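Reading through the C-alpha cells given below for one structure.
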Amino acid sequence: MPDDLQKLTRKMRNCTLCQDLPLGPKPIFQLDSAAKILIVGHAPGRRTHEKNRPFDDPSGVRLRAWLGVEDLVFYGDKRIGIFPMGLCFPGSGKQGDKPPRAECATAWRPPVMEALDQVALTLVLGRYAVAWHLSKFKNAPLSDVVRRTYDAQGDVLALPHPSPRNNRWLKQNAWFEADVIPHIQSRVAGLLATA
C-alpha cells in the first residue's frame, strides 16, 4: 500500500470527529491501493459496528450475491474496497439508521478517492452515495439514476441499497435483477480475473 493511503487509513482508524455518536466512533472500511472495485454505501449499521466488519449482515449477503462473489473473496481480495459515506454507525432513527455524518465525507473522501487510483468500477449504493459520487442525479428518483448509470455502461453504477428494507423497490423494478445484476457480475468477474 502506498504511503499516502497507508497514512490515510491509519488516521481514519483513529478518527474521533464524531465523539457524540451513540456507540462512539469506530471507523469501519476496507481499503487497499490495489482496489479495482469500490463499494460505497451509507454508513455501518449497528450489527456491522458490533462485528467490526463491513456488510456482515443481511444487506451484505444480498450485496455479495449481486456481485457474484463469496465471503472469502469479498473480505479477502484487496481488489475489493469498501468505503462508506460515513465511517461509523450514526445511530438509529425513526425509520432505520440515521444518515451518515457529513463531516466524515468532508474530511476523508477527497484524499482517499485521490489515493485510490486503480479503481475501475465504483458501485454507489443508495441516495447519500449518489449525492456525492453522482451529484448531477442527487434529486432524481433512485430508479432513474440506477437505470441511467446502467444504460451509460460507465465506471460508476448506482444501485439501490441491498437492505431488506428495499424488497419493495426490487419487486417494483424487476429489470434491476434481470438486467443490471448480470452486468455487474460480469464486470466484477472480469476485474477479479486480472492480476
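Simple scheme: letters A, B, ... for chains in C-alpha cells order, numbers from 1 for residues in each chain, numbers from 1 for ligands in the order shown.
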
*For range 8-19 of chain A: contacts at 8 Å, only C-alpha atoms, fewer than 2 positions along chain excluded, given as JSON, numbers by chain*: {"A": [4, 5, 6, 21, 24, 25, 26, 27, 28, 31, 103, 104, 108, 111, 112]}

Write to file, as a PDB file, in the first residue's frame, the residues of the selection just made, with C-alpha atoms.
```pdb
ATOM      1  CA  ASP A   4      -0.325   8.148   1.239  1.00  0.00           C
ATOM      2  CA  LEU A   5      -3.144   5.623   1.510  1.00  0.00           C
ATOM      3  CA  GLN A   6      -1.462   3.809   4.386  1.00  0.00           C
ATOM      4  CA  LEU A  21     -22.161   9.078  18.329  1.00  0.00           C
ATOM      5  CA  GLY A  24     -18.855   6.109  19.930  1.00  0.00           C
ATOM      6  CA  PRO A  25     -16.534   6.413  16.943  1.00  0.00           C
ATOM      7  CA  LYS A  26     -15.487   3.133  15.329  1.00  0.00           C
ATOM      8  CA  PRO A  27     -14.479   3.659  11.682  1.00  0.00           C
ATOM      9  CA  ILE A  28     -15.199   0.602   9.542  1.00  0.00           C
ATOM     10  CA  LEU A  31      -9.245  -0.216   1.581  1.00  0.00           C
ATOM     11  CA  GLU A 103     -18.181  15.835   8.406  1.00  0.00           C
ATOM     12  CA  CYS A 104     -16.894  12.339   7.721  1.00  0.00           C
ATOM     13  CA  TRP A 108     -11.926  11.753   4.295  1.00  0.00           C
ATOM     14  CA  PRO A 111      -7.923  12.456  -0.138  1.00  0.00           C
ATOM     15  CA  VAL A 112      -8.929   8.790  -0.176  1.00  0.00           C
TER      16      VAL A 112
END
```

*Would you list the contacts of range 161-178 of chain A as a ChimeraX atom specification, taking every protein, DNA or RNA residue within 7 Å and counting only C-alpha atoms, but skipping same-chain residues closer than 4 positions in sequence?*
/A:58-59,62-63,125-126

*Residue neighbourhood Leu23 in chain A, 9 Å, only C-alpha atoms, exclusion window fewer than 2 positions, as an MDAnalysis selection string*: chainID A and resid 20:21 25:26 46 49 88:91

Serialized selection, all heavy atoms, as a short mmCIF file (atom, residue, chain, number, x, y, z; two decimals), in the first residue's frame:
```cif
data_model
loop_
_atom_site.label_atom_id
_atom_site.label_comp_id
_atom_site.auth_asym_id
_atom_site.auth_seq_id
_atom_site.Cartn_x
_atom_site.Cartn_y
_atom_site.Cartn_z
N ASP A 20 -19.74 12.26 19.67
CA ASP A 20 -21.09 12.20 20.24
C ASP A 20 -21.96 11.07 19.67
O ASP A 20 -23.15 11.00 19.95
CB ASP A 20 -21.79 13.54 20.04
CG ASP A 20 -21.94 13.91 18.57
OD1 ASP A 20 -21.14 13.44 17.73
OD2 ASP A 20 -22.85 14.71 18.26
N LEU A 21 -21.38 10.18 18.88
CA LEU A 21 -22.16 9.08 18.33
C LEU A 21 -22.66 8.18 19.46
O LEU A 21 -21.96 7.98 20.45
CB LEU A 21 -21.32 8.27 17.34
CG LEU A 21 -20.95 8.98 16.05
CD1 LEU A 21 -19.92 8.16 15.26
CD2 LEU A 21 -22.18 9.23 15.21
N PRO A 25 -17.16 6.56 18.26
CA PRO A 25 -16.53 6.41 16.94
C PRO A 25 -15.88 5.04 16.79
O PRO A 25 -15.22 4.55 17.71
CB PRO A 25 -15.50 7.53 16.89
CG PRO A 25 -15.29 7.97 18.28
CD PRO A 25 -16.48 7.55 19.09
N LYS A 26 -16.10 4.42 15.65
CA LYS A 26 -15.49 3.13 15.33
C LYS A 26 -15.48 3.02 13.80
O LYS A 26 -16.35 2.39 13.21
CB LYS A 26 -16.27 1.98 15.95
CG LYS A 26 -15.63 0.62 15.80
CD LYS A 26 -16.50 -0.41 16.51
CE LYS A 26 -15.86 -1.76 16.59
NZ LYS A 26 -16.73 -2.70 17.31
N ARG A 46 -25.67 -0.97 13.00
CA ARG A 46 -25.38 -1.41 14.37
C ARG A 46 -24.69 -2.78 14.38
O ARG A 46 -23.72 -2.99 15.08
CB ARG A 46 -26.66 -1.47 15.20
CG ARG A 46 -26.44 -1.93 16.64
CD ARG A 46 -27.73 -1.97 17.43
NE ARG A 46 -28.32 -0.67 17.59
CZ ARG A 46 -28.01 0.19 18.57
NH1 ARG A 46 -27.10 -0.13 19.45
NH2 ARG A 46 -28.62 1.36 18.64
N HIS A 49 -21.19 -2.46 13.27
CA HIS A 49 -20.42 -1.84 14.35
C HIS A 49 -20.02 -2.89 15.39
O HIS A 49 -18.87 -2.94 15.81
CB HIS A 49 -21.24 -0.73 15.02
CG HIS A 49 -20.55 -0.07 16.16
ND1 HIS A 49 -19.78 1.05 16.01
CD2 HIS A 49 -20.52 -0.39 17.47
CE1 HIS A 49 -19.28 1.39 17.19
NE2 HIS A 49 -19.73 0.54 18.09
N CYS A 88 -18.58 5.52 10.56
CA CYS A 88 -19.05 5.00 11.83
C CYS A 88 -20.57 4.88 11.86
O CYS A 88 -21.27 5.59 11.14
CB CYS A 88 -18.61 5.92 12.97
SG CYS A 88 -16.83 6.16 13.08
N PHE A 89 -21.07 4.01 12.72
CA PHE A 89 -22.51 3.86 12.91
C PHE A 89 -23.08 5.18 13.41
O PHE A 89 -22.69 5.67 14.47
CB PHE A 89 -22.79 2.73 13.91
CG PHE A 89 -24.23 2.61 14.32
CD1 PHE A 89 -25.22 2.37 13.38
CD2 PHE A 89 -24.59 2.76 15.64
CE1 PHE A 89 -26.55 2.26 13.75
CE2 PHE A 89 -25.92 2.65 16.03
CZ PHE A 89 -26.90 2.40 15.08
N PRO A 90 -24.03 5.80 12.66
CA PRO A 90 -24.54 7.12 13.02
C PRO A 90 -25.65 7.12 14.07
O PRO A 90 -26.07 8.18 14.53
CB PRO A 90 -25.06 7.66 11.69
CG PRO A 90 -25.48 6.43 10.94
CD PRO A 90 -24.52 5.34 11.36
N GLY A 91 -26.12 5.95 14.44
CA GLY A 91 -27.23 5.86 15.38
C GLY A 91 -28.52 5.50 14.67
O GLY A 91 -28.59 5.51 13.44
#
```

*Just the residues within 7 Å of Leu157 in chain A, please, counting only C-alpha atoms, with nothing from its chain fewer than 6 positions along; format it as a PyMOL selection string.*
chain A and resi 122-124+146+149-150

Output N, CA and C atoms for every residue in that selection, as an mmCIF file, in the first residue's frame.
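Listed below is the output, again_23.cif:
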```
data_model
loop_
_atom_site.group_PDB
_atom_site.id
_atom_site.type_symbol
_atom_site.label_atom_id
_atom_site.label_comp_id
_atom_site.auth_asym_id
_atom_site.auth_seq_id
_atom_site.Cartn_x
_atom_site.Cartn_y
_atom_site.Cartn_z
ATOM 1 N N THR A 122 -16.950 1.674 -9.659
ATOM 2 C CA THR A 122 -17.465 2.165 -8.378
ATOM 3 C C THR A 122 -18.949 1.856 -8.322
ATOM 4 N N LEU A 123 -19.350 1.140 -7.280
ATOM 5 C CA LEU A 123 -20.754 0.786 -7.065
ATOM 6 C C LEU A 123 -21.295 1.667 -5.948
ATOM 7 N N VAL A 124 -22.230 2.527 -6.307
ATOM 8 C CA VAL A 124 -22.760 3.544 -5.420
ATOM 9 C C VAL A 124 -24.119 3.063 -4.905
ATOM 10 N N VAL A 146 -30.372 4.602 -11.226
ATOM 11 C CA VAL A 146 -29.880 3.245 -11.470
ATOM 12 C C VAL A 146 -29.966 2.924 -12.956
ATOM 13 N N THR A 149 -27.365 5.114 -15.083
ATOM 14 C CA THR A 149 -25.955 4.715 -14.978
ATOM 15 C C THR A 149 -25.732 3.354 -15.628
ATOM 16 N N TYR A 150 -26.714 2.478 -15.541
ATOM 17 C CA TYR A 150 -26.605 1.179 -16.214
ATOM 18 C C TYR A 150 -26.604 1.373 -17.728
#
```

If you run DSSP over the backbone, which residues in range 13-163 of chain A end up strand (DSSP E or B)? Put them as a short mmCIF file (atom, residue, chain, number, x, y, z; two decimals) with N, CA, C and O atoms, in the first residue's frame.
```
data_model
loop_
_atom_site.label_atom_id
_atom_site.label_comp_id
_atom_site.auth_asym_id
_atom_site.auth_seq_id
_atom_site.Cartn_x
_atom_site.Cartn_y
_atom_site.Cartn_z
N GLN A 30 -12.77 -0.96 4.29
CA GLN A 30 -11.83 -1.97 3.76
C GLN A 30 -11.17 -1.36 2.53
O GLN A 30 -11.79 -1.24 1.48
N ILE A 37 -12.36 -2.41 -7.54
CA ILE A 37 -13.81 -2.29 -7.36
C ILE A 37 -14.02 -1.56 -6.04
O ILE A 37 -13.48 -1.97 -5.01
N LEU A 38 -14.78 -0.47 -6.07
CA LEU A 38 -15.04 0.29 -4.85
C LEU A 38 -16.53 0.28 -4.57
O LEU A 38 -17.34 0.65 -5.43
N ILE A 39 -16.89 -0.14 -3.37
CA ILE A 39 -18.28 -0.18 -2.94
C ILE A 39 -18.50 0.98 -1.97
O ILE A 39 -17.79 1.11 -0.97
N VAL A 40 -19.48 1.82 -2.30
CA VAL A 40 -19.77 3.00 -1.49
C VAL A 40 -21.19 2.89 -0.96
O VAL A 40 -22.15 2.98 -1.73
N ILE A 80 -11.10 -5.50 -3.87
CA ILE A 80 -12.44 -5.02 -3.50
C ILE A 80 -12.29 -4.08 -2.32
O ILE A 80 -11.84 -4.48 -1.24
N GLY A 81 -12.66 -2.83 -2.54
CA GLY A 81 -12.61 -1.83 -1.48
C GLY A 81 -14.00 -1.45 -1.03
O GLY A 81 -14.96 -1.46 -1.83
N ILE A 82 -14.12 -1.13 0.25
CA ILE A 82 -15.41 -0.70 0.82
C ILE A 82 -15.14 0.60 1.56
O ILE A 82 -14.34 0.63 2.50
N SER A 92 -29.53 5.17 15.44
CA SER A 92 -30.81 4.76 14.88
C SER A 92 -31.80 5.92 14.90
O SER A 92 -31.81 6.72 15.83
N GLY A 93 -32.63 5.96 13.85
CA GLY A 93 -33.68 6.96 13.76
C GLY A 93 -35.05 6.29 13.76
O GLY A 93 -35.16 5.09 14.03
N GLY A 96 -35.12 3.59 10.61
CA GLY A 96 -33.85 2.93 10.32
C GLY A 96 -32.69 3.75 10.85
O GLY A 96 -32.87 4.61 11.71
N ASP A 97 -31.52 3.49 10.32
CA ASP A 97 -30.34 4.21 10.78
C ASP A 97 -30.39 5.67 10.34
O ASP A 97 -30.95 6.00 9.30
N LEU A 121 -14.23 0.34 -11.26
CA LEU A 121 -15.68 0.22 -11.12
C LEU A 121 -16.08 0.68 -9.72
O LEU A 121 -15.58 0.15 -8.73
N THR A 122 -16.95 1.67 -9.66
CA THR A 122 -17.46 2.17 -8.38
C THR A 122 -18.95 1.86 -8.32
O THR A 122 -19.70 2.24 -9.21
N LEU A 123 -19.35 1.14 -7.28
CA LEU A 123 -20.75 0.79 -7.06
C LEU A 123 -21.29 1.67 -5.95
O LEU A 123 -20.83 1.59 -4.81
N VAL A 124 -22.23 2.53 -6.31
CA VAL A 124 -22.76 3.54 -5.42
C VAL A 124 -24.12 3.06 -4.91
O VAL A 124 -25.07 2.94 -5.68
N LEU A 125 -24.19 2.78 -3.61
CA LEU A 125 -25.40 2.19 -3.02
C LEU A 125 -26.24 3.23 -2.30
O LEU A 125 -25.86 3.71 -1.23
N VAL A 156 -19.10 4.11 -13.04
CA VAL A 156 -19.80 4.38 -11.78
C VAL A 156 -21.25 3.95 -11.98
O VAL A 156 -21.96 4.49 -12.83
N LEU A 157 -21.67 2.95 -11.22
CA LEU A 157 -23.02 2.42 -11.32
C LEU A 157 -23.77 2.65 -10.01
O LEU A 157 -23.25 2.33 -8.93
N ALA A 158 -24.97 3.19 -10.10
CA ALA A 158 -25.82 3.36 -8.93
C ALA A 158 -26.63 2.09 -8.72
O ALA A 158 -27.10 1.48 -9.68
N LEU A 159 -26.78 1.72 -7.46
CA LEU A 159 -27.59 0.56 -7.08
C LEU A 159 -28.48 0.97 -5.92
O LEU A 159 -28.13 1.87 -5.16
#
```

*What is the CA of Ala43 in chain A to CA of Gln153 in chain A distance in Å?*
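So the two atoms, CA of Ala43 in chain A and CA of Gln153 in chain A, lie 26.1 Å apart.
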
_With distances taken over only C-alpha atoms, which residue among A:Leu87, A:Ala102, A:Ala115, A:Ala120 lies nearest Lys7 in chain A?_
A:Ala115

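Between CA of Thr48 in chain A and CA of Ala65 in chain A lies a distance of 18.2 Å.
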
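Shortest atom-to-atom contact with Val145 in chain A among A:Leu116, A:Ile184, A:Leu191, A:Ala129: A:Ala129, counting only C-alpha atoms.
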
Quick one: pick out all alpha helix (DSSP H) residues within range 3-180 of chain A from a backbone DSSP run and write them as a CSV table (one decimal) with N, CA, C and O atoms, in the first residue's frame.
```csv
chain,number,residue,atom,x,y,z
A,3,ASP,N,2.4,4.9,0.7
A,3,ASP,CA,2.4,5.6,2.0
A,3,ASP,C,1.2,6.5,2.2
A,3,ASP,O,0.7,6.6,3.3
A,4,ASP,N,0.8,7.2,1.1
A,4,ASP,CA,-0.3,8.1,1.2
A,4,ASP,C,-1.6,7.4,1.7
A,4,ASP,O,-2.2,7.9,2.7
A,5,LEU,N,-1.9,6.3,1.1
A,5,LEU,CA,-3.1,5.6,1.5
A,5,LEU,C,-2.9,5.0,2.9
A,5,LEU,O,-3.8,4.9,3.7
A,6,GLN,N,-1.8,4.4,3.1
A,6,GLN,CA,-1.5,3.8,4.4
A,6,GLN,C,-1.6,4.8,5.5
A,6,GLN,O,-2.2,4.5,6.6
A,7,LYS,N,-1.1,6.0,5.3
A,7,LYS,CA,-1.2,7.1,6.3
A,7,LYS,C,-2.7,7.5,6.5
A,7,LYS,O,-3.1,7.7,7.7
A,8,LEU,N,-3.4,7.6,5.4
A,8,LEU,CA,-4.8,8.0,5.5
A,8,LEU,C,-5.6,6.9,6.3
A,8,LEU,O,-6.4,7.2,7.1
A,9,THR,N,-5.4,5.6,5.9
A,9,THR,CA,-6.2,4.6,6.6
A,9,THR,C,-5.8,4.6,8.1
A,9,THR,O,-6.7,4.3,8.9
A,10,ARG,N,-4.6,4.8,8.4
A,10,ARG,CA,-4.2,4.8,9.9
A,10,ARG,C,-4.9,6.0,10.6
A,10,ARG,O,-5.4,5.8,11.7
A,11,LYS,N,-4.9,7.2,9.9
A,11,LYS,CA,-5.6,8.3,10.5
A,11,LYS,C,-7.1,8.1,10.6
A,11,LYS,O,-7.7,8.4,11.6
A,12,MET,N,-7.7,7.4,9.6
A,12,MET,CA,-9.1,7.2,9.6
A,12,MET,C,-9.5,6.2,10.7
A,12,MET,O,-10.5,6.3,11.4
A,13,ARG,N,-8.7,5.2,10.9
A,13,ARG,CA,-8.9,4.2,12.0
A,13,ARG,C,-8.9,4.8,13.4
A,13,ARG,O,-9.6,4.4,14.3
A,46,ARG,N,-25.7,-1.0,13.0
A,46,ARG,CA,-25.4,-1.4,14.4
A,46,ARG,C,-24.7,-2.8,14.4
A,46,ARG,O,-23.7,-3.0,15.1
A,47,ARG,N,-25.2,-3.7,13.6
A,47,ARG,CA,-24.6,-5.1,13.5
A,47,ARG,C,-23.2,-5.0,13.0
A,47,ARG,O,-22.3,-5.7,13.6
A,48,THR,N,-23.0,-4.2,12.0
A,48,THR,CA,-21.6,-4.0,11.5
A,48,THR,C,-20.7,-3.4,12.5
A,48,THR,O,-19.5,-3.9,12.7
A,49,HIS,N,-21.2,-2.5,13.3
A,49,HIS,CA,-20.4,-1.8,14.3
A,49,HIS,C,-20.0,-2.9,15.4
A,49,HIS,O,-18.9,-2.9,15.8
A,50,GLU,N,-21.0,-3.7,15.7
A,50,GLU,CA,-20.7,-4.8,16.8
A,50,GLU,C,-19.7,-5.8,16.3
A,50,GLU,O,-18.8,-6.3,17.0
A,51,LYS,N,-19.8,-6.2,15.0
A,51,LYS,CA,-18.9,-7.2,14.4
A,51,LYS,C,-17.6,-6.6,13.9
A,51,LYS,O,-16.7,-7.4,13.6
A,58,PRO,N,-27.5,-9.1,6.7
A,58,PRO,CA,-28.4,-9.5,5.6
A,58,PRO,C,-28.1,-8.6,4.3
A,58,PRO,O,-28.2,-9.1,3.2
A,59,SER,N,-27.8,-7.3,4.5
A,59,SER,CA,-27.5,-6.5,3.3
A,59,SER,C,-26.3,-7.0,2.6
A,59,SER,O,-26.2,-7.0,1.4
A,60,GLY,N,-25.3,-7.4,3.4
A,60,GLY,CA,-24.1,-7.9,2.8
A,60,GLY,C,-24.3,-9.2,2.1
A,60,GLY,O,-23.7,-9.5,1.0
A,61,VAL,N,-25.2,-10.1,2.6
A,61,VAL,CA,-25.5,-11.3,1.9
A,61,VAL,C,-26.0,-11.0,0.5
A,61,VAL,O,-25.6,-11.6,-0.5
A,62,ARG,N,-27.0,-10.1,0.5
A,62,ARG,CA,-27.6,-9.7,-0.8
A,62,ARG,C,-26.5,-9.1,-1.7
A,62,ARG,O,-26.4,-9.3,-2.9
A,63,LEU,N,-25.7,-8.2,-1.2
A,63,LEU,CA,-24.7,-7.5,-2.0
A,63,LEU,C,-23.7,-8.5,-2.6
A,63,LEU,O,-23.4,-8.4,-3.8
A,64,ARG,N,-23.2,-9.4,-1.8
A,64,ARG,CA,-22.3,-10.4,-2.3
A,64,ARG,C,-23.0,-11.3,-3.4
A,64,ARG,O,-22.3,-11.6,-4.4
A,65,ALA,N,-24.2,-11.6,-3.3
A,65,ALA,CA,-25.0,-12.3,-4.4
A,65,ALA,C,-25.0,-11.4,-5.6
A,65,ALA,O,-24.8,-11.9,-6.7
A,66,TRP,N,-25.3,-10.1,-5.4
A,66,TRP,CA,-25.3,-9.2,-6.6
A,66,TRP,C,-24.0,-9.2,-7.3
A,66,TRP,O,-23.9,-9.1,-8.5
A,67,LEU,N,-22.9,-9.2,-6.5
A,67,LEU,CA,-21.6,-9.1,-7.1
A,67,LEU,C,-21.2,-10.5,-7.7
A,67,LEU,O,-20.2,-10.5,-8.5
A,71,ASP,N,-17.9,-14.9,0.4
A,71,ASP,CA,-17.4,-14.1,1.5
A,71,ASP,C,-15.9,-14.0,1.5
A,71,ASP,O,-15.3,-12.9,1.7
A,72,LEU,N,-15.2,-15.1,1.2
A,72,LEU,CA,-13.7,-15.1,1.2
A,72,LEU,C,-13.1,-14.1,0.2
A,72,LEU,O,-12.2,-13.4,0.5
A,73,VAL,N,-13.8,-14.0,-0.9
A,73,VAL,CA,-13.3,-13.0,-1.9
A,73,VAL,C,-13.7,-11.6,-1.5
A,73,VAL,O,-12.8,-10.7,-1.5
A,74,PHE,N,-14.9,-11.4,-1.1
A,74,PHE,CA,-15.4,-10.1,-0.7
A,74,PHE,C,-14.5,-9.5,0.4
A,74,PHE,O,-14.2,-8.3,0.4
A,75,TYR,N,-14.1,-10.3,1.4
A,75,TYR,CA,-13.3,-9.8,2.5
A,75,TYR,C,-11.8,-10.0,2.4
A,75,TYR,O,-11.1,-9.3,3.0
A,76,GLY,N,-11.4,-10.9,1.5
A,76,GLY,CA,-10.0,-11.2,1.4
A,76,GLY,C,-9.3,-10.7,0.2
A,76,GLY,O,-8.0,-10.6,0.2
A,102,ALA,N,-22.0,14.2,7.8
A,102,ALA,CA,-21.5,14.9,6.7
A,102,ALA,C,-20.0,15.2,6.9
A,102,ALA,O,-19.2,15.2,6.0
A,103,GLU,N,-19.6,15.5,8.2
A,103,GLU,CA,-18.2,15.8,8.4
A,103,GLU,C,-17.2,14.7,8.1
A,103,GLU,O,-16.1,14.9,7.7
A,104,CYS,N,-17.7,13.5,8.1
A,104,CYS,CA,-16.9,12.3,7.7
A,104,CYS,C,-16.5,12.4,6.2
A,104,CYS,O,-15.3,12.3,5.9
A,105,ALA,N,-17.5,12.6,5.4
A,105,ALA,CA,-17.2,12.7,3.9
A,105,ALA,C,-16.3,13.9,3.6
A,105,ALA,O,-15.4,13.8,2.8
A,106,THR,N,-16.6,15.0,4.3
A,106,THR,CA,-15.8,16.2,4.0
A,106,THR,C,-14.4,16.0,4.4
A,106,THR,O,-13.5,16.4,3.6
A,107,ALA,N,-14.1,15.3,5.5
A,107,ALA,CA,-12.7,15.1,5.9
A,107,ALA,C,-12.0,14.0,5.1
A,107,ALA,O,-10.8,14.2,4.8
A,108,TRP,N,-12.7,12.9,4.8
A,108,TRP,CA,-11.9,11.8,4.3
A,108,TRP,C,-12.1,11.4,2.8
A,108,TRP,O,-11.2,10.9,2.2
A,109,ARG,N,-13.2,11.8,2.2
A,109,ARG,CA,-13.5,11.3,0.8
A,109,ARG,C,-12.5,11.9,-0.2
A,109,ARG,O,-11.9,11.2,-1.0
A,110,PRO,N,-12.3,13.2,-0.2
A,110,PRO,CA,-11.4,13.7,-1.2
A,110,PRO,C,-10.0,13.1,-1.2
A,110,PRO,O,-9.5,12.6,-2.3
A,111,PRO,N,-9.3,13.0,-0.1
A,111,PRO,CA,-7.9,12.5,-0.1
A,111,PRO,C,-7.9,11.0,-0.4
A,111,PRO,O,-7.0,10.5,-1.1
A,112,VAL,N,-8.9,10.2,0.1
A,112,VAL,CA,-8.9,8.8,-0.2
A,112,VAL,C,-9.2,8.5,-1.6
A,112,VAL,O,-8.6,7.7,-2.3
A,113,MET,N,-10.2,9.2,-2.2
A,113,MET,CA,-10.6,9.0,-3.6
A,113,MET,C,-9.4,9.3,-4.5
A,113,MET,O,-9.2,8.6,-5.5
A,114,GLU,N,-8.6,10.3,-4.2
A,114,GLU,CA,-7.4,10.7,-4.9
A,114,GLU,C,-6.4,9.6,-4.8
A,114,GLU,O,-5.7,9.2,-5.8
A,115,ALA,N,-6.3,9.0,-3.7
A,115,ALA,CA,-5.3,7.9,-3.5
A,115,ALA,C,-5.6,6.6,-4.1
A,115,ALA,O,-4.8,5.8,-4.4
A,127,ARG,N,-29.0,6.7,-1.8
A,127,ARG,CA,-29.2,8.1,-2.0
A,127,ARG,C,-28.0,8.9,-1.6
A,127,ARG,O,-27.6,9.9,-2.3
A,128,TYR,N,-27.4,8.7,-0.4
A,128,TYR,CA,-26.3,9.5,0.1
A,128,TYR,C,-25.1,9.4,-0.7
A,128,TYR,O,-24.4,10.3,-1.0
A,129,ALA,N,-24.8,8.1,-1.2
A,129,ALA,CA,-23.7,7.9,-2.0
A,129,ALA,C,-23.9,8.5,-3.4
A,129,ALA,O,-22.9,9.0,-4.0
A,130,VAL,N,-25.1,8.4,-3.9
A,130,VAL,CA,-25.4,9.0,-5.2
A,130,VAL,C,-25.2,10.6,-5.1
A,130,VAL,O,-24.6,11.1,-6.0
A,131,ALA,N,-25.6,11.2,-4.0
A,131,ALA,CA,-25.5,12.6,-3.9
A,131,ALA,C,-24.0,13.1,-4.0
A,131,ALA,O,-23.7,14.1,-4.5
A,132,TRP,N,-23.1,12.2,-3.5
A,132,TRP,CA,-21.7,12.6,-3.5
A,132,TRP,C,-21.0,12.2,-4.8
A,132,TRP,O,-20.3,13.0,-5.5
A,133,HIS,N,-21.2,11.0,-5.3
A,133,HIS,CA,-20.5,10.4,-6.4
A,133,HIS,C,-21.2,10.7,-7.8
A,133,HIS,O,-20.5,10.7,-8.8
A,142,LEU,N,-34.4,7.3,-7.4
A,142,LEU,CA,-33.3,6.3,-7.5
A,142,LEU,C,-33.4,5.4,-8.6
A,142,LEU,O,-32.4,5.0,-9.3
A,143,SER,N,-34.6,5.0,-9.0
A,143,SER,CA,-34.8,4.0,-10.1
A,143,SER,C,-34.3,4.7,-11.4
A,143,SER,O,-33.7,4.0,-12.2
A,144,ASP,N,-34.5,6.0,-11.6
A,144,ASP,CA,-34.0,6.7,-12.8
A,144,ASP,C,-32.4,6.7,-12.8
A,144,ASP,O,-31.8,6.5,-13.8
A,145,VAL,N,-31.8,6.9,-11.6
A,145,VAL,CA,-30.4,7.0,-11.5
A,145,VAL,C,-29.8,5.6,-11.8
A,145,VAL,O,-28.8,5.5,-12.6
A,146,VAL,N,-30.4,4.6,-11.2
A,146,VAL,CA,-29.9,3.2,-11.5
A,146,VAL,C,-30.0,2.9,-13.0
A,146,VAL,O,-29.0,2.5,-13.6
A,147,ARG,N,-31.1,3.2,-13.6
A,147,ARG,CA,-31.3,2.9,-15.0
A,147,ARG,C,-30.3,3.7,-15.8
A,147,ARG,O,-29.7,3.2,-16.8
A,148,ARG,N,-30.2,5.0,-15.6
A,148,ARG,CA,-29.3,5.9,-16.4
A,148,ARG,C,-27.8,5.5,-16.3
A,148,ARG,O,-27.1,5.5,-17.3
A,149,THR,N,-27.4,5.1,-15.1
A,149,THR,CA,-26.0,4.7,-15.0
A,149,THR,C,-25.7,3.4,-15.6
A,149,THR,O,-24.7,3.1,-16.2
A,150,TYR,N,-26.7,2.5,-15.5
A,150,TYR,CA,-26.6,1.2,-16.2
A,150,TYR,C,-26.6,1.4,-17.7
A,150,TYR,O,-25.8,0.8,-18.4
A,151,ASP,N,-27.5,2.2,-18.2
A,151,ASP,CA,-27.6,2.4,-19.7
A,151,ASP,C,-26.3,3.1,-20.2
A,151,ASP,O,-25.9,2.8,-21.3
A,152,ALA,N,-25.7,3.9,-19.4
A,152,ALA,CA,-24.4,4.6,-19.8
A,152,ALA,C,-23.3,3.6,-19.9
A,152,ALA,O,-22.3,3.9,-20.5
A,167,ASN,N,-36.9,-4.4,-0.4
A,167,ASN,CA,-37.5,-5.5,-1.1
A,167,ASN,C,-38.7,-5.0,-2.0
A,167,ASN,O,-38.8,-5.5,-3.1
A,168,ARG,N,-39.4,-4.0,-1.5
A,168,ARG,CA,-40.5,-3.5,-2.3
A,168,ARG,C,-40.0,-2.8,-3.6
A,168,ARG,O,-40.5,-3.0,-4.7
A,169,TRP,N,-38.9,-2.0,-3.5
A,169,TRP,CA,-38.3,-1.4,-4.6
A,169,TRP,C,-37.8,-2.4,-5.7
A,169,TRP,O,-38.1,-2.3,-6.9
A,170,LEU,N,-37.2,-3.5,-5.2
A,170,LEU,CA,-36.8,-4.6,-6.1
A,170,LEU,C,-37.9,-5.3,-6.8
A,170,LEU,O,-37.8,-5.6,-8.0
A,171,LYS,N,-39.0,-5.4,-6.1
A,171,LYS,CA,-40.2,-6.0,-6.8
A,171,LYS,C,-40.8,-5.1,-7.8
A,171,LYS,O,-41.2,-5.5,-8.9
A,172,GLN,N,-40.8,-3.8,-7.5
A,172,GLN,CA,-41.3,-2.8,-8.5
A,172,GLN,C,-40.4,-2.6,-9.6
A,172,GLN,O,-40.8,-2.0,-10.6
A,174,ALA,N,-38.2,-5.0,-11.4
A,174,ALA,CA,-37.7,-6.3,-11.7
A,174,ALA,C,-36.6,-6.2,-12.7
A,174,ALA,O,-35.7,-7.1,-12.8
A,175,TRP,N,-36.5,-5.2,-13.6
A,175,TRP,CA,-35.5,-5.1,-14.6
A,175,TRP,C,-34.1,-5.0,-13.9
A,175,TRP,O,-33.1,-5.3,-14.5
```

*Point-to-point distance from CA of Val119 in chain A to CA of Ala34 in chain A, Å rounded to tenths*: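 One can read the CA of Val119 in chain A to CA of Ala34 in chain A distance as 8.0 Å.
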
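Remark: for Arg101 in chain A, the closest of the candidate residues A:Lys36, A:Lys136, A:Arg187, A:His42 is A:His42 (distances computed over only C-alpha atoms).
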
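Of the listed residues A:Asp77, A:Asp117, A:Asp32, A:Asp57, the one whose atoms come nearest to Val188 in chain A is A:Asp77, with distances taken using only C-alpha atoms.
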